[in-house]
Amino acid sequence: MYKDNEIWVASDKEAKLCIKTNFANRHGLIAGATGTGKTVTLKVMAESFSDAGVPVFFSDIKGDLSGMCKPGEDKESITKRVSELGLGSEFSFKAYPTCFWDIFGKRGLPLRTTISEFGPMLLSKLLELNQIQSDILNIVFKIADDEGLLLLDLKDLKSMLNYVSENAASYKADYGNMAPQSVNAIMRGLVSLGDKGGDIFFGEPAVDIRDWFVNKDGRGMINILDASTIINDPSIYATFMLWMLAELFEIMPEVGDLDKPKMVFFFDEAHLLFKDMPKALLQKIEQVVKLIRSKGIGVYFITQSPSDIPSEVLSQLGNKVQHALRAYTPADQKAIKAAAQSYRANPDFDTEEAITNLGIGEAVVSFIGDDGAPTVVRKAKVLPPQSYLGAIDDMLRATVISMSDLANKYRDMIDRDSAYEFLQRLQIENTKKLEEEQRAKEEQKEVQRQEKQAEKQAEREAKLAEKEAQRQAKEAQKDAMKKKDAIKKGVASVAGTAAGTIGRQLGKTIGKSGGKFGQSLGGNLGASLGRGILSTLFKL
């Protein structure tokens with residue numbers, strides 16, 4: 001309940017125990033074993049901050065915090081507590097302005113962020129990378145930033161990893177060596193993350209946390225993240241919640257001390273945040289917790305034992321509600337002793353003993369006093385919640401989601417031009433270029449092949465022409481020889497006939513003195529002599 005700039009959380013027999021709104025940004029702690037009343041304390045604080053006009057954000061791990069949007073119901077336990085604390089007419093059942101969020105977009109408005117906004121440090125933790133792999137992831141982010149490539153979703157980062165890996169040689173001089181094995185390890189982590197919901201969480205429209213700083217009818221909006229699914233993977237849950245805390249720190253301006261916080265952020269199951277936390281990241285958290293108060297943000301951690309919180313962070317928590325702890329083991333006893341010692345002692349009771357004997361809904365409480373210092377610890381009973389205590393049905397949840405002023409802004413996922421699309425186009429252009437170069441090479445080879453073929457054909461034709469010329473020359477020579485032989489024979493025949501005739505006539509003339517025999521012999525001798533002379537003359 002809220003009144004006169006005070007968040008009324010609990011009461012003892014003597015006084016109201018309240019968080020003063022001007023000190024509410026000094027952070028806080030709600031601790032206690034399971035079933036001791038932490039959820040009710042969170043609801044009471046959230047309701048009171050809302051009544052004070054302060055927006056609230058918390059995660060709903062079991063689903064029993066969704067009743068904030070519905071008026072409470074008169075139950076015996078609540079009526080008894082109202083009577084015990086003398087709340088009277090100040091107490092009334094009522095609903096609170098509520099906005100449901102869900103990373104998977106099923107039980108609330110889709111809560112998304114971009115890869116660039118999430119950053120390499122948190123992503124390395126989420127992927128459980130070693131130092132070398134984390135360094136390479138940082139390099140990939142740096143290259144994307146240097147080259148003006150937007151990393152919005154997982155496919156952008158996957159494309160960027162492939163691109164950098166394929167061109168590692170060209171980046172080596174400026175960014176260092178990037179082993180393929182490390183790149184492949186990061187890629188495997190991204191695939192696994194996508195299967196766990198990363199494909200839905202990383203994208204646009206990215207949530208603008210300033211949309212959480214909303215008042216409705218004078219009351220602060222209560223933003224509830226459904227974490228019933230992601231809590232099954234504690235690393236994803238813790239890293240996501242840490243991202244929101246870091247995002248608040250980054251976007252909020254310095255405002256100094258205010259009459260009331262700009263927003264209160266409850267971190268349930270806070271022990272998950274610090275489990276196996278890298279030293280560099282733990283230092284970052286400590287810095288954020290120390291400095292975010294000056295930006296008007298109050299952070300309240302909810303866990304079982306104060307020992308779950310690192311001492312550097314625990315020392316920053318000024319408003320504390322400690323529910324019962326059970327001492328079953330020496331480790332439990334040690335945790336209870338440490339919890340008791342974190343409070344300013346009250347001489348009226350033993351804090352350590354009180355913590356082990358608290359009933360459900362009871363707590364030891366210490367808030368920042370008027371002087372800015374923690375008050376002495378007091379045993380008290382926590383107020384009952386005014387909203388519905390328990391989970392709501394799916395129909396009411398769907399109605400609240402659909403009526404949200406932010407439904408149209410965040411309902412549908414968009415996929416604008418980013419690294420993936422740019423690198424796809426670049427790959428297509430490079431493929432076309434390679435194809436053109438290959439085609440040019442093939443065309444050049446074809447031209448060269450045709451030229452060689454033409455040369456061979458020309459050579460073959462030249463050889464054939466030469467052979468043909470030789471053949472024709474031989475044929476001509478043969479023809480000439482035949483003609484020569486024919487002429488020779490013709491001349492010889494004519495010459496022989498003529499010579500024989502002439503020789504016979506001459507022989508006859510000469511051989512008249514020999515009578516008939518002499519004429520015949522003279523004719524034959526004359527013919528032979530005539531043919532010999534003519535043959536010699538014609539060289540036949």
# chains A, B, ... in the order shown; residues from 1 in each chain; ligands from 1
>>> residues_around(residues="Leu111 in chain A", least_positions_apart="6", cutoff="12 Å", atoms="only C-alpha atoms", output="ChimeraX atom specification")
/A:99-105,197-198,200-209,211-212,223-227,240-241,244,406-407,409-413
>>> write_last_selection(atoms="N, CA, C and O atoms", output="short mmCIF file (atom, residue, chain, number, x, y, z; two decimals), in the first residue's frame")
data_model
loop_
_atom_site.label_atom_id
_atom_site.label_comp_id
_atom_site.auth_asym_id
_atom_site.auth_seq_id
_atom_site.Cartn_x
_atom_site.Cartn_y
_atom_site.Cartn_z
N CYS A 99 0.91 -5.21 -18.18
CA CYS A 99 1.30 -5.54 -19.56
C CYS A 99 2.13 -6.82 -19.51
O CYS A 99 3.16 -6.87 -18.82
N PHE A 100 1.64 -7.83 -20.21
CA PHE A 100 2.33 -9.13 -20.22
C PHE A 100 3.32 -9.18 -21.39
O PHE A 100 3.02 -8.75 -22.50
N TRP A 101 4.49 -9.77 -21.12
CA TRP A 101 5.54 -9.94 -22.13
C TRP A 101 5.98 -11.40 -22.15
O TRP A 101 5.90 -12.11 -21.14
N ASP A 102 6.44 -11.84 -23.31
CA ASP A 102 6.92 -13.21 -23.44
C ASP A 102 7.94 -13.25 -24.58
O ASP A 102 7.67 -12.78 -25.68
N ILE A 103 9.11 -13.81 -24.31
CA ILE A 103 10.15 -13.93 -25.34
C ILE A 103 9.62 -14.69 -26.55
O ILE A 103 9.96 -14.37 -27.70
N PHE A 104 8.75 -15.67 -26.31
CA PHE A 104 8.23 -16.50 -27.40
C PHE A 104 6.93 -15.95 -27.99
O PHE A 104 6.39 -16.51 -28.94
N GLY A 105 6.42 -14.85 -27.42
CA GLY A 105 5.24 -14.20 -27.97
C GLY A 105 3.96 -15.00 -27.81
O GLY A 105 2.98 -14.72 -28.50
N GLY A 197 14.84 -20.78 -28.95
CA GLY A 197 13.99 -19.59 -29.02
C GLY A 197 14.72 -18.34 -29.47
O GLY A 197 14.10 -17.27 -29.58
N GLY A 198 16.02 -18.46 -29.74
CA GLY A 198 16.78 -17.29 -30.16
C GLY A 198 16.29 -16.70 -31.47
O GLY A 198 16.38 -15.48 -31.68
N ILE A 200 13.34 -16.28 -32.30
CA ILE A 200 12.19 -15.43 -31.99
C ILE A 200 12.62 -14.21 -31.19
O ILE A 200 12.14 -13.10 -31.42
N PHE A 201 13.52 -14.41 -30.23
CA PHE A 201 13.94 -13.32 -29.36
C PHE A 201 14.76 -12.26 -30.08
O PHE A 201 14.55 -11.07 -29.89
N PHE A 202 15.68 -12.70 -30.95
CA PHE A 202 16.53 -11.74 -31.65
C PHE A 202 15.85 -11.32 -32.94
O PHE A 202 15.64 -12.13 -33.85
N GLY A 203 15.49 -10.06 -33.01
CA GLY A 203 14.82 -9.55 -34.19
C GLY A 203 14.18 -8.21 -33.92
O GLY A 203 14.43 -7.56 -32.88
N GLU A 204 13.35 -7.79 -34.83
CA GLU A 204 12.66 -6.51 -34.72
C GLU A 204 11.16 -6.70 -34.89
O GLU A 204 10.72 -7.68 -35.53
N PRO A 205 10.36 -5.80 -34.33
CA PRO A 205 10.76 -4.59 -33.62
C PRO A 205 11.34 -4.90 -32.23
O PRO A 205 10.74 -5.65 -31.47
N ALA A 206 12.52 -4.34 -31.99
CA ALA A 206 13.17 -4.53 -30.70
C ALA A 206 12.42 -3.71 -29.65
O ALA A 206 11.92 -2.62 -29.93
N VAL A 207 12.32 -4.28 -28.46
CA VAL A 207 11.60 -3.58 -27.41
C VAL A 207 12.31 -2.28 -27.05
O VAL A 207 13.54 -2.23 -26.94
N ASP A 208 11.53 -1.24 -26.92
CA ASP A 208 12.04 0.05 -26.43
C ASP A 208 11.67 0.12 -24.96
O ASP A 208 10.49 0.27 -24.61
N ILE A 209 12.64 -0.04 -24.09
CA ILE A 209 12.37 -0.11 -22.65
C ILE A 209 11.68 1.15 -22.16
O ILE A 209 10.99 1.13 -21.13
N ASP A 211 9.12 2.22 -23.31
CA ASP A 211 7.69 1.92 -23.33
C ASP A 211 7.21 1.34 -22.01
O ASP A 211 6.00 1.22 -21.78
N TRP A 212 8.15 0.94 -21.15
CA TRP A 212 7.76 0.44 -19.84
C TRP A 212 7.50 1.58 -18.85
O TRP A 212 6.87 1.36 -17.81
N ASN A 223 4.82 -4.38 -15.63
CA ASN A 223 5.26 -5.19 -16.76
C ASN A 223 5.71 -6.55 -16.24
O ASN A 223 6.61 -6.64 -15.41
N ILE A 224 5.05 -7.61 -16.75
CA ILE A 224 5.33 -8.96 -16.27
C ILE A 224 5.86 -9.82 -17.42
O ILE A 224 5.19 -9.98 -18.45
N LEU A 225 7.04 -10.34 -17.25
CA LEU A 225 7.63 -11.25 -18.23
C LEU A 225 7.28 -12.68 -17.85
O LEU A 225 7.60 -13.14 -16.75
N ASP A 226 6.62 -13.40 -18.75
CA ASP A 226 6.36 -14.81 -18.52
C ASP A 226 7.67 -15.59 -18.69
O ASP A 226 8.20 -15.68 -19.79
N ALA A 227 8.17 -16.11 -17.59
CA ALA A 227 9.46 -16.81 -17.61
C ALA A 227 9.29 -18.29 -17.31
O ALA A 227 10.26 -18.97 -16.99
N PHE A 240 19.30 -12.96 -20.11
CA PHE A 240 18.26 -12.08 -20.61
C PHE A 240 17.93 -11.00 -19.59
O PHE A 240 17.81 -9.81 -19.93
N MET A 241 17.75 -11.38 -18.34
CA MET A 241 17.43 -10.40 -17.30
C MET A 241 18.59 -9.42 -17.12
O MET A 241 18.37 -8.23 -16.89
N MET A 244 18.40 -6.78 -19.78
CA MET A 244 17.42 -5.73 -19.50
C MET A 244 17.96 -4.72 -18.49
O MET A 244 17.76 -3.51 -18.63
N LEU A 406 0.40 -1.27 -26.65
CA LEU A 406 1.61 -1.62 -27.38
C LEU A 406 1.43 -2.83 -28.30
O LEU A 406 2.38 -3.24 -28.97
N ALA A 407 0.21 -3.39 -28.33
CA ALA A 407 -0.01 -4.62 -29.10
C ALA A 407 0.32 -4.44 -30.57
O ALA A 407 1.01 -5.28 -31.17
N LYS A 409 2.29 -2.34 -31.95
CA LYS A 409 3.70 -2.01 -32.16
C LYS A 409 4.58 -3.25 -32.16
O LYS A 409 5.53 -3.36 -32.95
N TYR A 410 4.28 -4.20 -31.29
CA TYR A 410 5.20 -5.33 -31.09
C TYR A 410 4.67 -6.67 -31.57
O TYR A 410 5.42 -7.65 -31.60
N ARG A 411 3.41 -6.75 -31.95
CA ARG A 411 2.82 -8.06 -32.25
C ARG A 411 3.51 -8.78 -33.42
O ARG A 411 3.84 -9.96 -33.33
N ASP A 412 3.70 -8.05 -34.51
CA ASP A 412 4.22 -8.69 -35.73
C ASP A 412 5.72 -8.44 -35.90
O ASP A 412 6.19 -7.30 -35.79
N MET A 413 6.44 -9.51 -36.20
CA MET A 413 7.88 -9.42 -36.41
C MET A 413 8.16 -8.88 -37.81
O MET A 413 7.43 -9.17 -38.76
#
>>> residues_around(residues="range 179-189 of chain A", least_positions_apart="3", cutoff="8 Å", atoms="only C-alpha atoms", output="PyMOL selection string")
chain A and resi 127+129+132-133+136-137+158+161+165+192-193
>>> select_by_dssp(residues="range 17-168 of chain A", states="alpha helix (DSSP H)", output="ChimeraX atom specification")
/A:38-51,76-85,115-127,131-146,154-166,168
>>> select_by_dssp(residues="range 256-307 of chain A", states="strand (DSSP E)", output="list of chain:residue names")
A:Met263, A:Val264, A:Phe265, A:Phe266, A:Phe267, A:Ile297, A:Gly298, A:Val299, A:Tyr300, A:Phe301, A:Ile302, A:Thr303
>>> write_last_selection(atoms="C-alpha atoms", output="PDB file, in the first residue's frame")
ATOM      1  CA  MET A 263      11.170   2.499 -12.368  1.00  0.00           C
ATOM      2  CA  VAL A 264      11.686  -0.501 -10.099  1.00  0.00           C
ATOM      3  CA  PHE A 265      13.168  -3.701 -11.506  1.00  0.00           C
ATOM      4  CA  PHE A 266      12.665  -6.983  -9.595  1.00  0.00           C
ATOM      5  CA  PHE A 267      15.131  -9.768 -10.395  1.00  0.00           C
ATOM      6  CA  ILE A 297      16.201   2.937 -11.180  1.00  0.00           C
ATOM      7  CA  GLY A 298      15.681   0.721  -8.149  1.00  0.00           C
ATOM      8  CA  VAL A 299      16.812  -2.914  -8.414  1.00  0.00           C
ATOM      9  CA  TYR A 300      15.408  -5.539  -6.031  1.00  0.00           C
ATOM     10  CA  PHE A 301      16.932  -9.021  -6.007  1.00  0.00           C
ATOM     11  CA  ILE A 302      14.794 -12.004  -4.987  1.00  0.00           C
ATOM     12  CA  THR A 303      16.535 -15.190  -3.901  1.00  0.00           C
TER      13      THR A 303
END
>>> atom_distance(atom1="CA of Gly72 in chain A", atom2="CA of Ile392 in chain A")
11.3 Å
>>> residues_around(residues="Asp74 in chain A", least_positions_apart="6", cutoff="10 Å", atoms="only C-alpha atoms", output="PyMOL selection string")
chain A and resi 92-93+386+388
>>> write_last_selection(atoms="N, CA, C and O atoms", output="CSV table (one decimal), in the first residue's frame")
chain,number,residue,atom,x,y,z
A,92,SER,N,-8.3,-2.5,0.1
A,92,SER,CA,-9.4,-2.8,-0.8
A,92,SER,C,-8.9,-3.7,-1.9
A,92,SER,O,-7.7,-3.5,-2.3
A,93,PHE,N,-9.7,-4.6,-2.4
A,93,PHE,CA,-9.2,-5.4,-3.5
A,93,PHE,C,-9.3,-4.6,-4.8
A,93,PHE,O,-10.4,-4.0,-5.1
A,386,GLN,N,-3.5,-6.8,-2.7
A,386,GLN,CA,-4.8,-6.3,-3.0
A,386,GLN,C,-5.3,-6.9,-4.4
A,386,GLN,O,-6.5,-6.9,-4.6
A,388,TYR,N,-5.3,-10.2,-7.3
A,388,TYR,CA,-5.6,-11.6,-7.2
A,388,TYR,C,-4.4,-12.4,-6.9
A,388,TYR,O,-3.3,-12.2,-7.5
>>> closest_residue(among="A:Ile368, A:Leu434, A:Ala173, A:Leu423", to="Glu147 in chain A", atoms="only C-alpha atoms")
A:Leu423
>>> closest_atom_pairs(of="range 13-121 of chain A", to="range 337-344 of chain A", cutoff="12 Å", atoms="only C-alpha atoms", output="tab-separated table")
residue	atom	partner	partner_atom	distance
A:Leu29	CA	A:Ala339	CA	11.2
A:Ile30	CA	A:Ala339	CA	11.7
A:Ala31	CA	A:Ala339	CA	9.3
A:Gly32	CA	A:Ala339	CA	10.1
